[in-house]
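Everything below belongs to query.txt, which stores compact mmCIF, C-alpha atoms.
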```txt
# COMPACT_ATOMS: atom_id res chain seq x y z
CA MET A 1 0.00 0.00 0.00
CA LEU A 2 2.87 2.37 0.71
CA ARG A 3 4.34 1.65 -2.73
CA ASP A 4 1.01 2.48 -4.38
CA ARG A 5 1.01 6.27 -4.37
CA ARG A 6 -2.68 6.51 -5.18
CA THR A 7 -3.72 4.27 -2.31
CA ALA A 8 -1.26 5.82 0.12
CA GLY A 9 -2.42 9.31 -0.84
CA ARG A 10 -6.08 8.48 -0.28
CA LEU A 11 -5.35 6.85 3.06
CA THR A 12 -3.39 9.95 4.06
CA LEU A 13 -6.38 12.11 3.16
CA ALA A 14 -8.58 9.77 5.21
CA ALA A 15 -6.20 10.19 8.14
CA VAL A 16 -6.37 13.99 7.95
CA LEU A 17 -10.18 13.93 7.84
CA LEU A 18 -10.28 11.57 10.80
CA ALA A 19 -7.87 13.73 12.80
CA VAL A 20 -9.95 16.86 12.19
CA ASN A 21 -13.06 14.90 13.17
CA TRP A 22 -11.52 13.63 16.40
CA ILE A 23 -10.07 16.99 17.46
CA THR A 24 -13.41 18.69 16.79
CA PHE A 25 -15.23 16.03 18.80
CA LEU A 26 -12.83 16.47 21.73
CA PHE A 27 -13.30 20.24 21.57
CA GLY A 28 -17.06 19.74 21.70
CA VAL A 29 -16.82 17.44 24.72
CA LEU A 30 -14.40 19.69 26.61
CA THR A 31 -16.57 22.79 26.02
CA ASP A 32 -19.85 21.12 27.13
CA ARG A 33 -21.24 20.67 23.62
CA VAL A 34 -21.82 16.92 23.60
CA VAL A 35 -25.32 17.39 22.15
CA ASP A 36 -23.84 19.35 19.24
CA ALA A 37 -21.44 16.47 18.63
CA ALA A 38 -24.37 14.04 18.64
CA LEU A 39 -26.14 16.20 16.07
CA GLY A 40 -23.10 15.96 13.80
CA TYR A 41 -23.14 12.17 13.81
CA TYR A 42 -26.91 12.14 13.30
CA VAL A 43 -26.52 14.35 10.22
CA ASN A 44 -23.61 12.26 8.91
CA PRO A 45 -25.80 9.81 6.88
CA ILE A 46 -27.49 12.78 5.19
CA ILE A 47 -24.12 14.25 4.22
CA THR A 48 -23.09 10.81 2.95
CA VAL A 49 -26.07 10.85 0.57
CA LEU A 50 -25.07 14.30 -0.71
CA LEU A 51 -21.48 13.21 -1.29
CA ALA A 52 -22.68 10.14 -3.17
CA VAL A 53 -24.67 12.42 -5.46
CA LEU A 54 -22.07 15.15 -5.91
CA VAL A 55 -18.88 13.08 -6.02
CA LEU A 56 -19.86 9.56 -7.08
CA ARG A 57 -22.61 10.82 -9.40
CA GLU A 58 -25.15 8.44 -7.92
CA ARG A 59 -28.77 9.10 -8.75
CA PRO A 60 -30.69 9.96 -5.58
CA ARG A 61 -34.13 8.53 -4.91
CA PRO A 62 -37.03 10.87 -4.02
CA ALA A 63 -37.00 9.66 -0.41
CA GLN A 64 -33.32 10.58 -0.12
CA TRP A 65 -33.98 14.10 -1.37
CA ALA A 66 -36.84 14.38 1.11
CA ALA A 67 -34.56 13.27 3.95
CA VAL A 68 -31.90 15.80 2.94
CA GLY A 69 -34.47 18.60 2.86
CA VAL A 70 -35.99 17.74 6.25
CA ALA A 71 -32.55 17.40 7.87
CA ALA A 72 -31.45 20.74 6.42
CA ALA A 73 -34.58 22.33 7.85
CA GLY A 74 -33.73 20.84 11.25
CA VAL A 75 -30.23 22.31 11.20
CA VAL A 76 -31.65 25.72 10.22
CA VAL A 77 -34.15 25.58 13.11
CA ILE A 78 -31.34 24.77 15.56
CA ALA A 79 -29.12 27.53 14.14
CA VAL A 80 -31.88 30.14 14.37
CA GLY A 81 -32.79 29.06 17.90
CA LEU A 82 -29.20 29.16 19.11
CA GLY A 83 -28.41 32.36 17.28
CA SER A 84 -25.27 30.80 15.81
CA PHE A 85 -24.35 28.23 13.20
CA PRO A 86 -23.78 24.73 14.66
CA TRP A 87 -20.26 24.49 13.30
CA ILE A 88 -19.17 21.61 15.53
CA ALA A 89 -21.97 19.40 14.21
CA THR A 90 -21.26 20.51 10.64
CA VAL A 91 -17.52 19.79 10.81
CA LEU A 92 -18.13 16.38 12.41
CA ALA A 93 -20.69 15.41 9.77
CA LEU A 94 -18.58 16.60 6.83
CA THR A 95 -15.30 15.05 7.97
CA PHE A 96 -16.70 11.65 8.93
CA ALA A 97 -18.80 11.43 5.77
CA GLY A 98 -15.69 12.41 3.82
CA TYR A 99 -13.72 9.74 5.64
CA GLY A 100 -16.27 7.13 4.63
CA LEU A 101 -16.20 8.34 1.03
CA VAL A 102 -12.40 8.12 0.84
CA LYS A 103 -12.42 4.64 2.37
CA LYS A 104 -15.00 3.59 -0.21
CA THR A 105 -12.87 4.86 -3.09
CA VAL A 106 -9.89 2.93 -1.74
CA GLY A 107 -11.87 -0.26 -2.23
CA ALA A 108 -12.30 -3.54 -0.45
CA ASN A 109 -8.77 -4.65 -1.39
CA VAL A 110 -7.39 -2.70 1.58
CA PRO A 111 -7.86 -4.74 4.79
CA ALA A 112 -8.97 -2.96 7.95
CA LEU A 113 -5.82 -3.25 10.06
CA PRO A 114 -3.19 -2.45 7.38
CA GLY A 115 -5.33 0.44 6.13
CA LEU A 116 -5.59 1.92 9.61
CA GLY A 117 -1.85 1.33 10.01
CA VAL A 118 -1.09 3.51 6.98
CA GLU A 119 -3.46 6.18 8.26
CA THR A 120 -1.75 6.16 11.66
CA LEU A 121 1.68 6.32 10.04
CA ALA A 122 0.62 9.40 8.08
CA LEU A 123 -0.22 11.20 11.33
CA THR A 124 2.75 9.99 13.36
CA ALA A 125 5.26 12.67 12.33
CA PRO A 126 3.02 15.72 12.99
CA ALA A 127 1.75 14.13 16.22
CA LEU A 128 5.27 13.55 17.51
CA ALA A 129 6.29 17.08 16.52
CA TYR A 130 3.35 18.50 18.45
CA LEU A 131 4.17 16.37 21.51
CA VAL A 132 7.76 17.60 21.42
CA TYR A 133 6.49 21.19 21.20
CA LEU A 134 4.15 20.70 24.17
CA THR A 135 6.92 19.15 26.25
CA ALA A 136 9.43 21.86 25.36
CA THR A 137 7.01 24.65 26.26
CA GLY A 138 5.85 22.96 29.47
CA ALA A 139 2.29 22.61 28.21
CA SER A 140 2.20 18.80 28.10
CA THR A 141 -0.29 17.21 30.51
CA PHE A 142 1.14 13.69 30.23
CA GLY A 143 2.15 12.69 33.73
CA ALA A 144 0.26 15.60 35.32
CA ASP A 145 -2.04 15.06 38.28
CA GLY A 146 -5.21 15.30 36.17
CA GLY A 147 -6.77 17.92 38.37
CA GLY A 148 -6.03 15.98 41.53
CA ARG A 149 -8.59 13.26 40.82
CA VAL A 150 -6.63 10.27 39.57
CA GLY A 151 -3.01 11.22 40.15
CA PRO A 152 -0.18 11.43 37.58
CA ALA A 153 -0.13 7.70 36.81
CA GLY A 154 -3.89 7.50 36.46
CA HIS A 155 -3.97 10.59 34.25
CA ALA A 156 -1.29 9.12 31.96
CA ALA A 157 -3.20 5.83 31.82
CA LEU A 158 -6.39 7.61 30.83
CA LEU A 159 -4.60 9.46 28.01
CA VAL A 160 -3.18 6.18 26.70
CA ALA A 161 -6.57 4.47 27.06
CA SER A 162 -8.19 7.18 24.96
CA GLY A 163 -6.04 6.00 22.06
CA VAL A 164 -7.30 2.45 22.49
CA ALA A 165 -10.88 3.72 22.79
CA THR A 166 -10.41 5.50 19.46
CA THR A 167 -8.64 2.73 17.56
CA ALA A 168 -10.81 -0.25 18.53
CA PRO A 169 -14.09 1.19 17.12
CA LEU A 170 -12.35 2.19 13.88
CA LEU A 171 -11.03 -1.33 13.38
CA LEU A 172 -14.38 -2.89 14.19
CA PHE A 173 -16.21 -0.44 11.91
CA ALA A 174 -13.89 -1.18 8.99
CA ALA A 175 -14.27 -4.93 9.55
CA ALA A 176 -18.06 -4.70 9.91
CA ALA A 177 -18.39 -2.60 6.76
CA ARG A 178 -17.00 -5.52 4.75
CA ARG A 179 -19.31 -8.11 6.34
CA LEU A 180 -22.67 -6.53 7.12
CA PRO A 181 -25.38 -5.39 4.70
CA LEU A 182 -25.31 -1.64 4.17
CA ALA A 183 -28.81 -1.23 5.63
CA THR A 184 -27.77 -2.96 8.85
CA LEU A 185 -24.59 -0.92 9.07
CA GLY A 186 -26.59 2.27 8.62
CA LEU A 187 -28.95 1.41 11.46
CA LEU A 188 -26.07 0.57 13.80
CA GLN A 189 -24.48 3.98 13.19
CA TYR A 190 -27.38 5.65 14.98
CA ILE A 191 -26.43 3.99 18.28
CA THR A 192 -23.40 6.22 18.92
CA PRO A 193 -25.08 9.64 18.48
CA THR A 194 -28.04 8.41 20.53
CA MET A 195 -25.71 7.51 23.41
CA GLN A 196 -23.94 10.86 23.01
CA PHE A 197 -27.24 12.73 23.01
CA LEU A 198 -28.44 10.94 26.15
CA SER A 199 -25.08 11.54 27.84
CA GLY A 200 -25.21 15.25 27.06
CA VAL A 201 -28.77 15.68 28.31
CA LEU A 202 -28.96 13.21 31.21
CA LEU A 203 -25.37 13.01 32.49
CA PHE A 204 -23.91 16.42 31.73
CA GLY A 205 -27.14 18.43 32.01
CA GLU A 206 -26.81 20.37 28.76
CA GLU A 207 -29.74 22.68 28.13
CA MET A 208 -32.27 21.70 25.46
CA ALA A 209 -34.22 24.76 24.35
CA PRO A 210 -37.53 24.22 22.48
CA SER A 211 -35.88 25.19 19.19
CA ARG A 212 -33.20 22.57 19.79
CA TRP A 213 -35.81 19.88 20.42
CA ALA A 214 -37.65 20.95 17.27
CA GLY A 215 -34.49 20.81 15.19
CA PHE A 216 -33.51 17.40 16.53
CA ALA A 217 -37.05 16.14 15.86
CA LEU A 218 -36.74 17.15 12.20
CA VAL A 219 -33.36 15.43 11.94
CA TRP A 220 -34.83 12.27 13.47
CA VAL A 221 -37.72 12.38 10.98
CA ALA A 222 -35.17 12.65 8.17
CA LEU A 223 -33.30 9.63 9.50
CA VAL A 224 -36.54 7.62 9.68
CA ILE A 225 -37.25 8.50 6.03
CA LEU A 226 -33.72 7.59 4.99
CA THR A 227 -33.67 4.33 6.95
CA THR A 228 -37.11 3.22 5.75
CA ASP A 229 -36.10 3.87 2.16
CA GLY A 230 -32.85 1.95 2.62
CA LEU A 231 -34.60 -1.04 4.19
CA ARG A 232 -37.20 -1.09 1.44
CA LEU A 233 -34.49 -1.05 -1.22
CA ALA A 234 -32.50 -3.80 0.53
CA ARG A 235 -35.63 -5.97 0.81
CA ARG A 236 -36.42 -5.42 -2.86
CA ASN A 237 -32.89 -6.35 -3.98
CA SER A 238 -32.58 -9.43 -1.75
CA PRO A 239 -33.59 -12.83 -3.19
CA ARG A 240 -37.07 -13.96 -2.28
CA ARG A 241 -37.34 -16.46 0.51
CA GLY A 242 -38.17 -19.92 -0.63
CA ALA A 243 -37.47 -19.16 -4.26
CA SER A 244 -36.41 -22.16 -6.27
CA ASP A 245 -33.15 -22.29 -8.23
```
Representation of the structure as structure tokens:
Amino acid sequence: MLRDRRTAGRLTLAAVLLAVNWITFLFGVLTDRVVDAALGYYVNPIITVLLAVLVLRERPRPAQWAAVGVAAAGVVVIAVGLGSFPWIATVLALTFAGYGLVKKTVGANVPALPGLGVETLALTAPALAYLVYLTATGASTFGADGGGRVGPAGHAALLVASGVATTAPLLLFAAAARRLPLATLGLLQYITPTMQFLSGVLLFGEEMAPSRWAGFALVWVALVILTTDGLRLARRNSPRRGASD
């Protein structure tokens, strides 16, 4: 894969998109905007449909256009209610949808683990350079006391564990994408933003204004339309049960 410049270049692009996505997500969590992050991953399937139309030149079905329109209306309602554009949700949706698009163009000939290895290698040099900069300027938190809650060793362990918590889902997602039907994979992707949304509202107590509820409701309606259309298409394309050879 490293000798193939085209494949290596696309995996590098995928790595950059994933890094932007992850940093934006962390910023959202650390600034008490977990619900905004959940919105981004809810909107992600809608952005994926748009990219398929604009980049892959796929022909959208009427239900897909309807889902895109309803989701866009939901984002507008949230933006008007908040008085600002939900940029965290937008960046998360665009980058992760772009990551999926790049991985699709790479093709199924790139296994999950080696592909992720190339992506990690592409980010290693800038990551190390940034760590050196943080250490040299005294801004590194590795080995710090973590606010006095877990101690230096515990804080370092949590930072290392965050890498495992990021890598494991990516590997499992890449492996599942090659084994599961697309409709099933699409349904499973709604689990994460739902858990994030519930965490933001129930655990972290983020405020949900009426406009925010209205906007989320529209996005959920769009996802129901998109999912129903996908399931109907999958059922239509699957062989009939009990059909003879």
Under the rule of at most 12 Å, produce a per-residue listing of segment 42-105 of chain A near segment 119-135 of chain A: chain, number, name, the closest pair of atoms, and the distance in Å, as CSV, using all atoms listed in the file.
```
residue,atom,partner,partner_atom,distance
A:Tyr99,CA,A:Glu119,CA,11.2
A:Val102,CA,A:Glu119,CA,11.8
A:Lys103,CA,A:Glu119,CA,10.8
```
Go ahead and find all residues with at least one atom no further than 12 Å from (-25.2, 21.9, 32.4) in the file's coordinates, using only C-alpha atoms; report them as an mmCIF file with C-alpha atoms, in the frame of the given file.
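Saved as part.cif:
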```cif
data_model
loop_
_atom_site.group_PDB
_atom_site.id
_atom_site.type_symbol
_atom_site.label_atom_id
_atom_site.label_comp_id
_atom_site.auth_asym_id
_atom_site.auth_seq_id
_atom_site.Cartn_x
_atom_site.Cartn_y
_atom_site.Cartn_z
ATOM 1 C CA THR A 31 -16.570 22.790 26.020
ATOM 2 C CA ASP A 32 -19.850 21.120 27.130
ATOM 3 C CA ARG A 33 -21.240 20.670 23.620
ATOM 4 C CA VAL A 34 -21.820 16.920 23.600
ATOM 5 C CA VAL A 35 -25.320 17.390 22.150
ATOM 6 C CA SER A 199 -25.080 11.540 27.840
ATOM 7 C CA GLY A 200 -25.210 15.250 27.060
ATOM 8 C CA VAL A 201 -28.770 15.680 28.310
ATOM 9 C CA LEU A 202 -28.960 13.210 31.210
ATOM 10 C CA LEU A 203 -25.370 13.010 32.490
ATOM 11 C CA PHE A 204 -23.910 16.420 31.730
ATOM 12 C CA GLY A 205 -27.140 18.430 32.010
ATOM 13 C CA GLU A 206 -26.810 20.370 28.760
ATOM 14 C CA GLU A 207 -29.740 22.680 28.130
ATOM 15 C CA MET A 208 -32.270 21.700 25.460
#
```
Notebook entry, point to check: Please, what distance in Å, to one decimal, runs between atom CA of Ala176 of chain A and atom CA of Leu188 of chain A?
Noted result: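 Distance reported for this atom pair: 10.3 Å.
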Check: So, counting only C-alpha atoms, which residue among A:Ile23, A:Ala234, A:Ile225, A:Leu30 is closest to Thr166 of chain A?
Finding: A:Ile23
Note to self: Just checking: using all atoms listed in the file, which residue out of A:Phe27, A:Trp213, A:Phe85, A:Phe173 ends up closest to Pro111 of chain A?
What the structure shows: A:Phe173
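We find atom CA of Ser162 of chain A and atom CA of Leu18 of chain A to be spaced 15.0 Å apart.
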Note to self: Could you check the closest approach to Ala71 of chain A for each of A:Leu231, A:Leu171, A:Val221, A:Val164 and tell me which residue wins, using all atoms listed in the file?
What the structure shows: A:Val221
Next item on the list: Determine, counting all atoms listed in the file, which protein, DNA and RNA residues have an atom within 9 Å of an atom of Val49 of chain A; residues of the same chain fewer than 5 positions away are not included. Present the result as a PyMOL selection string.
Entry: chain A and resi 44+54+58+60+64-65+68+97
Show me, as lines of an AutoDock Vina configuration file, the centre and edge lengths in Å to one decimal of the axis-aligned box that covers every listed atom of segment 201-207 of chain A with 4 Å on each side.
```
center_x = -26.8
center_y = 17.8
center_z = 30.3
size_x = 13.8
size_y = 17.7
size_z = 12.4
```
Checklist line | Top pick for closest residue to Thr90 of chain A, considering A:Val20, A:Leu159, A:Leu2, A:Leu11 and counting all atoms listed in the file | finding: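 Of all the options, A:Val20 lies closest to Thr90 of chain A.
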Next item on the list: Counting only C-alpha atoms, figure out which residue out of A:Val70, A:Arg212, A:Ala15, A:Ala222 gets nearest to Phe197 of chain A.
Entry: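 Once distances to Phe197 of chain A are computed over only C-alpha atoms, the minimum belongs to A:Arg212.
Rounded to one decimal, atom CA of Gly98 of chain A and atom CA of Ala52 of chain A lie 10.1 Å from each other.
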Check: Which residues come within 12 Å of Leu218 of chain A, counting all atoms listed in the file, excluding same-chain residues fewer than 2 positions away, as a PyMOL selection string?
Finding: chain A and resi 39+42-43+66-78+211-216+220-225
Test item: write segment 25-42 of chain A with C-alpha atoms as a PDB file, in the first residue's frame:
```pdb
ATOM      1  CA  PHE A  25     -15.230  16.031  18.797  1.00  0.00           C
ATOM      2  CA  LEU A  26     -12.826  16.470  21.730  1.00  0.00           C
ATOM      3  CA  PHE A  27     -13.302  20.238  21.568  1.00  0.00           C
ATOM      4  CA  GLY A  28     -17.063  19.742  21.703  1.00  0.00           C
ATOM      5  CA  VAL A  29     -16.822  17.441  24.721  1.00  0.00           C
ATOM      6  CA  LEU A  30     -14.401  19.690  26.611  1.00  0.00           C
ATOM      7  CA  THR A  31     -16.574  22.786  26.021  1.00  0.00           C
ATOM      8  CA  ASP A  32     -19.849  21.122  27.131  1.00  0.00           C
ATOM      9  CA  ARG A  33     -21.244  20.670  23.617  1.00  0.00           C
ATOM     10  CA  VAL A  34     -21.815  16.921  23.602  1.00  0.00           C
ATOM     11  CA  VAL A  35     -25.318  17.387  22.153  1.00  0.00           C
ATOM     12  CA  ASP A  36     -23.845  19.354  19.237  1.00  0.00           C
ATOM     13  CA  ALA A  37     -21.442  16.468  18.632  1.00  0.00           C
ATOM     14  CA  ALA A  38     -24.371  14.041  18.645  1.00  0.00           C
ATOM     15  CA  LEU A  39     -26.140  16.204  16.068  1.00  0.00           C
ATOM     16  CA  GLY A  40     -23.100  15.964  13.799  1.00  0.00           C
ATOM     17  CA  TYR A  41     -23.135  12.172  13.805  1.00  0.00           C
ATOM     18  CA  TYR A  42     -26.910  12.139  13.300  1.00  0.00           C
TER      19      TYR A  42
END
```
